[in-house]
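S.K.: So I've got this file, target00.txt, and it contains compact mmCIF, C-alpha atoms and all ligand atoms:
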# COMPACT_ATOMS: atom_id res chain seq x y z
CA MET B 11 0.00 0.00 0.00
CA ALA B 12 1.31 3.47 -0.84
CA SER B 13 2.84 5.44 2.00
CA ARG B 14 0.72 8.43 2.92
CA ILE B 15 2.83 11.59 3.11
CA THR B 16 1.96 14.91 4.71
CA VAL B 17 4.24 17.82 3.77
CA LEU B 18 4.65 20.83 6.05
CA VAL B 19 5.69 24.13 4.47
CA SER B 20 6.11 27.76 5.49
CA GLY B 21 7.00 29.54 2.28
CA ARG B 22 7.86 29.22 -1.40
CA GLY B 23 7.42 25.45 -1.67
CA SER B 24 10.08 24.55 -4.23
CA ASN B 25 10.99 21.40 -2.30
CA LEU B 26 7.31 20.47 -2.24
CA ALA B 27 7.27 20.97 -6.02
CA ALA B 28 10.27 18.63 -6.31
CA LEU B 29 8.41 15.98 -4.29
CA LEU B 30 5.29 16.35 -6.40
CA GLY B 31 7.39 16.07 -9.54
CA ALA B 32 8.98 12.87 -8.27
CA GLN B 33 5.55 11.51 -7.38
CA ALA B 34 4.32 12.28 -10.89
CA ARG B 35 7.32 10.40 -12.35
CA ASP B 36 6.57 7.48 -10.00
CA ALA B 37 9.92 8.16 -8.32
CA LEU B 38 8.73 8.60 -4.74
CA GLY B 39 8.96 4.98 -3.68
CA GLY B 40 5.21 4.61 -4.11
CA GLY B 41 4.61 7.45 -1.66
CA ARG B 42 1.62 9.72 -2.16
CA ILE B 43 1.32 13.26 -0.82
CA VAL B 44 -2.11 13.34 0.80
CA ARG B 45 -1.98 16.80 2.36
CA VAL B 46 0.10 19.96 2.55
CA VAL B 47 -0.09 21.89 5.81
CA ALA B 48 1.26 25.42 6.20
CA ASN B 49 1.72 27.58 9.26
CA ARG B 50 1.31 30.72 7.15
CA PRO B 51 -1.74 31.41 4.99
CA GLN B 52 0.42 33.21 2.41
CA ALA B 53 2.84 30.27 1.93
CA GLY B 54 3.52 29.78 -1.77
CA GLY B 55 3.52 26.02 -1.21
CA LEU B 56 -0.25 26.11 -0.72
CA GLY B 57 -0.77 27.24 -4.31
CA ILE B 58 1.65 24.61 -5.60
CA ALA B 59 -0.27 21.93 -3.72
CA ALA B 60 -3.63 23.17 -4.98
CA GLY B 61 -2.26 23.23 -8.53
CA SER B 62 -1.52 19.52 -8.20
CA GLY B 63 -4.87 18.73 -6.64
CA VAL B 64 -3.41 18.07 -3.19
CA PRO B 65 -5.65 19.16 -0.29
CA THR B 66 -4.23 21.86 1.95
CA ARG B 67 -4.71 23.10 5.45
CA VAL B 68 -3.44 26.15 7.33
CA VAL B 69 -2.66 26.10 11.04
CA ASP B 70 -1.53 29.68 11.58
CA HIS B 71 0.86 29.99 14.50
CA HIS B 72 -0.35 33.56 15.01
CA ASP B 73 -3.67 32.13 16.20
CA PHE B 74 -2.03 30.59 19.27
CA ALA B 75 -0.73 32.51 22.27
CA GLN B 76 1.14 29.46 23.56
CA ARG B 77 3.64 27.52 21.48
CA ASP B 78 2.43 24.25 23.03
CA ASP B 79 -1.12 24.91 21.87
CA PHE B 80 0.11 25.47 18.32
CA ASP B 81 2.05 22.19 18.49
CA VAL B 82 -1.05 20.27 19.57
CA ALA B 83 -3.30 21.89 16.95
CA LEU B 84 -0.74 21.22 14.23
CA ALA B 85 -0.28 17.62 15.38
CA ASP B 86 -4.05 17.07 15.39
CA ALA B 87 -4.33 18.52 11.88
CA VAL B 88 -1.54 16.28 10.61
CA ALA B 89 -2.79 13.17 12.42
CA ALA B 90 -6.24 13.57 10.84
CA ASP B 91 -4.80 12.20 7.58
CA ALA B 92 -3.03 9.29 9.31
CA PRO B 93 0.24 9.87 7.45
CA ASP B 94 3.00 7.27 7.39
CA LEU B 95 5.54 10.03 6.88
CA VAL B 96 5.66 13.74 7.69
CA VAL B 97 8.10 15.80 5.63
CA LEU B 98 9.24 19.24 6.77
CA ALA B 99 10.00 20.93 3.45
CA GLY B 100 10.97 24.46 4.35
CA PHE B 101 8.91 24.48 7.54
CA MET B 102 10.32 27.36 9.55
CA ARG B 103 8.79 26.88 13.01
CA VAL B 104 10.59 24.98 15.72
CA LEU B 105 8.33 22.12 16.77
CA GLY B 106 8.01 21.17 20.42
CA PRO B 107 7.77 17.73 22.01
CA GLY B 108 3.97 17.90 21.80
CA PHE B 109 4.33 17.50 18.06
CA ILE B 110 7.53 15.54 17.66
CA GLU B 111 6.67 12.73 20.07
CA ARG B 112 3.54 11.93 18.07
CA PHE B 113 5.46 11.42 14.83
CA ALA B 114 8.80 10.15 16.13
CA GLY B 115 10.67 8.02 13.63
CA ARG B 116 8.44 9.04 10.74
CA MET B 117 9.39 12.65 10.24
CA LEU B 118 12.07 13.98 7.88
CA ASN B 119 13.48 17.50 7.52
CA ILE B 120 15.57 19.11 4.80
CA HIS B 121 18.18 21.53 6.10
CA PRO B 122 20.33 23.77 3.89
CA SER B 123 23.78 22.89 5.23
CA LEU B 124 26.01 19.89 5.75
CA LEU B 125 25.01 19.19 9.34
CA PRO B 126 26.33 19.31 11.99
CA ALA B 127 27.84 22.44 10.43
CA PHE B 128 25.55 25.46 10.45
CA PRO B 129 22.37 24.37 12.22
CA GLY B 130 19.71 27.06 12.48
CA LEU B 131 19.18 30.03 10.18
CA HIS B 132 21.22 31.94 7.57
CA THR B 133 23.28 28.90 6.69
CA HIS B 134 24.60 30.22 3.34
CA ARG B 135 25.70 33.55 4.81
CA ARG B 136 27.49 31.75 7.62
CA ALA B 137 29.14 29.26 5.25
CA LEU B 138 30.51 32.17 3.19
CA ALA B 139 31.67 34.00 6.31
CA GLU B 140 33.55 30.89 7.49
CA GLY B 141 35.21 30.42 4.11
CA VAL B 142 34.20 26.77 3.70
CA ARG B 143 34.93 25.34 0.25
CA VAL B 144 32.18 22.72 0.39
CA HIS B 145 28.59 23.37 1.45
CA GLY B 146 25.35 21.48 0.88
CA CYS B 147 22.19 20.12 2.38
CA THR B 148 21.06 17.37 4.71
CA VAL B 149 17.95 15.26 5.09
CA HIS B 150 17.59 13.98 8.63
CA PHE B 151 15.06 12.42 10.94
CA VAL B 152 13.51 14.99 13.25
CA THR B 153 14.14 14.65 16.96
CA ALA B 154 13.40 16.98 19.87
CA ASP B 155 16.70 18.83 19.39
CA VAL B 156 16.75 21.15 16.39
CA ASP B 157 18.79 20.03 13.35
CA VAL B 158 20.55 17.13 15.07
CA GLY B 159 18.46 14.02 14.26
CA PRO B 160 19.94 10.97 12.51
CA ILE B 161 21.25 11.93 9.05
CA VAL B 162 19.65 10.09 6.13
CA ALA B 163 21.53 11.69 3.25
CA GLN B 164 23.63 14.68 2.34
CA ALA B 165 24.48 16.41 -0.92
CA ALA B 166 27.60 18.53 -1.28
CA VAL B 167 28.19 21.47 -3.61
CA PRO B 168 31.33 23.57 -4.14
CA VAL B 169 31.62 27.12 -2.88
CA HIS B 170 33.02 29.37 -5.61
CA ASP B 171 35.23 32.40 -5.00
CA ASP B 172 32.70 34.75 -6.52
CA ASP B 173 29.68 33.30 -4.72
CA ASP B 174 27.32 35.50 -2.80
CA GLU B 175 24.48 34.33 -0.59
CA THR B 176 22.08 34.24 -3.55
CA SER B 177 24.25 32.19 -5.89
CA LEU B 178 25.25 29.76 -3.15
CA ALA B 179 21.65 29.36 -1.99
CA ALA B 180 20.57 28.58 -5.56
CA ARG B 181 23.26 25.89 -5.94
CA VAL B 182 22.29 24.26 -2.64
CA LEU B 183 18.58 24.48 -3.46
CA ALA B 184 19.11 22.59 -6.73
CA ALA B 185 20.80 19.85 -4.69
CA GLU B 186 17.92 19.86 -2.19
CA HIS B 187 15.49 19.21 -5.02
CA VAL B 188 17.39 16.04 -5.93
CA LEU B 189 18.19 14.87 -2.42
CA LEU B 190 14.82 15.20 -0.71
CA PRO B 191 12.81 13.06 -3.17
CA HIS B 192 15.48 10.35 -2.97
CA ALA B 193 15.36 10.30 0.82
CA VAL B 194 11.56 10.25 0.86
CA ALA B 195 11.53 7.41 -1.67
CA TRP B 196 13.96 5.41 0.46
CA TYR B 197 11.70 5.92 3.48
CA CYS B 198 8.60 4.87 1.56
CA LEU B 199 10.37 1.76 0.29
CA GLY B 200 11.22 0.85 3.89
CA ARG B 201 14.92 1.09 3.19
CA LEU B 202 15.99 3.34 6.08
CA ALA B 203 17.14 1.74 9.33
CA ILE B 204 18.12 3.95 12.26
CA VAL B 205 21.00 2.40 14.17
CA GLY B 206 21.94 4.69 17.04
CA LYS B 207 22.72 8.06 15.49
CA ARG B 208 23.33 6.55 12.07
CA VAL B 209 20.92 5.72 9.29
CA HIS B 210 21.61 2.67 7.15
CA LEU B 211 20.27 2.30 3.64
CA THR B 212 19.14 -1.29 3.31
CA GLY B 213 18.26 -3.49 0.39
CA ASP B 214 20.51 -2.02 -2.27
CA ARG B 215 21.95 -4.49 -4.73
CA LEU B 216 25.18 -2.54 -4.44
CA PRO B 217 25.28 -1.51 -0.77
CA ARG B 218 25.84 2.20 -0.44
CA ASP B 219 26.20 4.38 2.59
CA ALA B 220 23.05 6.46 2.82
CA ALA B 221 24.87 9.11 4.77
CA LEU B 222 26.88 10.27 1.76
CA PHE B 223 24.96 11.04 -1.35
CA CYS B 224 26.11 13.41 -4.02
CA PRO B 225 23.66 14.02 -6.84
CA ASP B 226 25.07 14.01 -10.35
CA ALA B 227 24.09 17.64 -10.84
C1 LIG T 1 15.05 25.39 1.79
O1 LIG T 1 16.34 25.88 1.55
C2 LIG T 1 15.04 24.49 2.98
O2 LIG T 1 16.18 23.71 3.11
C3 LIG T 1 14.98 25.50 4.09
O3 LIG T 1 14.10 26.49 3.63
C4 LIG T 1 14.11 26.50 2.21
C5 LIG T 1 12.71 26.28 1.77
O4 LIG T 1 12.58 26.44 0.39
N1 LIG T 1 14.60 24.91 5.34
P1 LIG T 1 11.26 25.99 -0.35
O5 LIG T 1 10.09 26.58 0.42
O6 LIG T 1 11.22 24.49 -0.38
O7 LIG T 1 11.36 26.59 -1.72
Written as C-alpha cells, how would this file's structure read?
M.R.:
Amino acid sequence: MASRITVLVSGRGSNLAALLGAQARDALGGGRIVRVVANRPQAGGLGIAAGSGVPTRVVDHHDFAQRDDFDVALADAVAADAPDLVVLAGFMRVLGPGFIERFAGRMLNIHPSLLPAFPGLHTHRRALAEGVRVHGCTVHFVTADVDVGPIVAQAAVPVHDDDDETSLAARVLAAEHVLLPHAVAWYCLGRLAIVGKRVHLTGDRLPRDAALFCPDA
C-alpha cells in the first residue's frame, strides 16, 4: 500500500514541487502526498499543492498565544490524515515535544547545510563567512533537538570564489530538489534503518552508505 505523506511548508514550496514532480514520475517509492499543511496562509507552497490537486490546510501559528497549543493543533491537523511520513520541506517553526513525540521516527526535515555544520538560520551567509569550500544540504530524521536528528543523506556542492548568498543558496537548493525526493523514496520503500545516530540504507543491490549522497548535478 502506498505510503501516505503529509508535507509541512512555510513559504515558497520549491521542495514540495520537487516531491510532487517525483511523485508524478513514479519516483517517490510509491509514496503519495495526501496533504500539505502550512503555518502561514500566504505560503507559496499552498498554491503549488492546490495546482496539483493536493488538499491543503493552514494552522496559523499567530492564532495561538502558547507555542504548546500550536504544536497540539498542528499535530491534530496532521494526524487527521493518518500519514505514514511527515516531511518538513521548508517548515520554519521549531516544533516542540507535543508535536515531535507523536510522529517520532516518521518525520524527515531538509536543512540547507552539511550538518552538523551550520544548524539554524542563515546557513549560506554563515558558510561564506567561514570560508568553507564545500557546502550542501542534509535530510535527517527529526528529533526533539533542532537540526541534530539521525542523518539520512547529504548532498555537497562547491563554494566558488565569486559566490554571494544568492548564488550559493541557488546551488544548494538545486541539490535539495534532488536529495529530498530520494530520501523520501527510500523511506517509503522501507529502506531506512536507524542504528543509534546513524541511518543505514538497506536493500541495495550494491550496498551504499546512505549518509553520503552526491547528486550528479
Ligand atoms: C530550503 O532551503 C530548505 O532547506 C529551508 O528552507 C528553504 C525552503 O525552500 N529549510 P522551499 O520553500 O522548499 O522553496
S.K.: Taking (19.1, 18.4, 11.0) in the coordinates of the supplied file, I want to know which residues reach to within 8 Å of it, counting all atoms listed in the file; could you give the answer as number ranges by chain?
M.R.: B: 119-121, 125-126, 129, 148-152, 156-161
S.K.: Could you report the residues within 10 Å of ligand LIG 1 (chain T), using only C-alpha atoms and all ligand atoms, as number ranges by chain?
M.R.: B: 18-29, 53-55, 98-103, 119-123, 130-134, 146-149, 179-180, 182-187, 190
S.K.: List as a Markdown table every residue of region 38-101 of chain B that is in contact with region 113-117 of chain B, defined as an atom at most 9 Å from one of its atoms (using all atoms listed in the file), together with the nearest atom pair and the distance in Å rounded to one decimal, sorted by chain and then rising number.
M.R.:
| residue | atom | partner | partner_atom | distance |
| --- | --- | --- | --- | --- |
| B:Ala85 | CA | B:Phe113 | CA | 8.5 |
| B:Ala89 | CA | B:Phe113 | CA | 8.8 |
| B:Pro93 | CA | B:Arg116 | CA | 8.9 |
| B:Asp94 | CA | B:Arg116 | CA | 6.6 |
| B:Leu95 | CA | B:Arg116 | CA | 4.9 |
| B:Val96 | CA | B:Met117 | CA | 4.6 |
| B:Val97 | CA | B:Met117 | CA | 5.7 |
| B:Leu98 | CA | B:Met117 | CA | 7.4 |
S.K.: Please tell me which residues are no farther than 9 Å from (21.5, 7.3, 10.7) in the file, counting only C-alpha atoms, and write them as a VMD selection string.
M.R.: chain B and resid 150 to 151 159 to 163 202 to 211 220 to 221
S.K.: Would you please work out which residue, of B:Pro65, B:Gly31, B:Gly39, B:Gly106, is nearest to Thr16 (chain B) when using only C-alpha atoms?
M.R.: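 Answer, going by the shortest atom-to-atom distance: B:Pro65.
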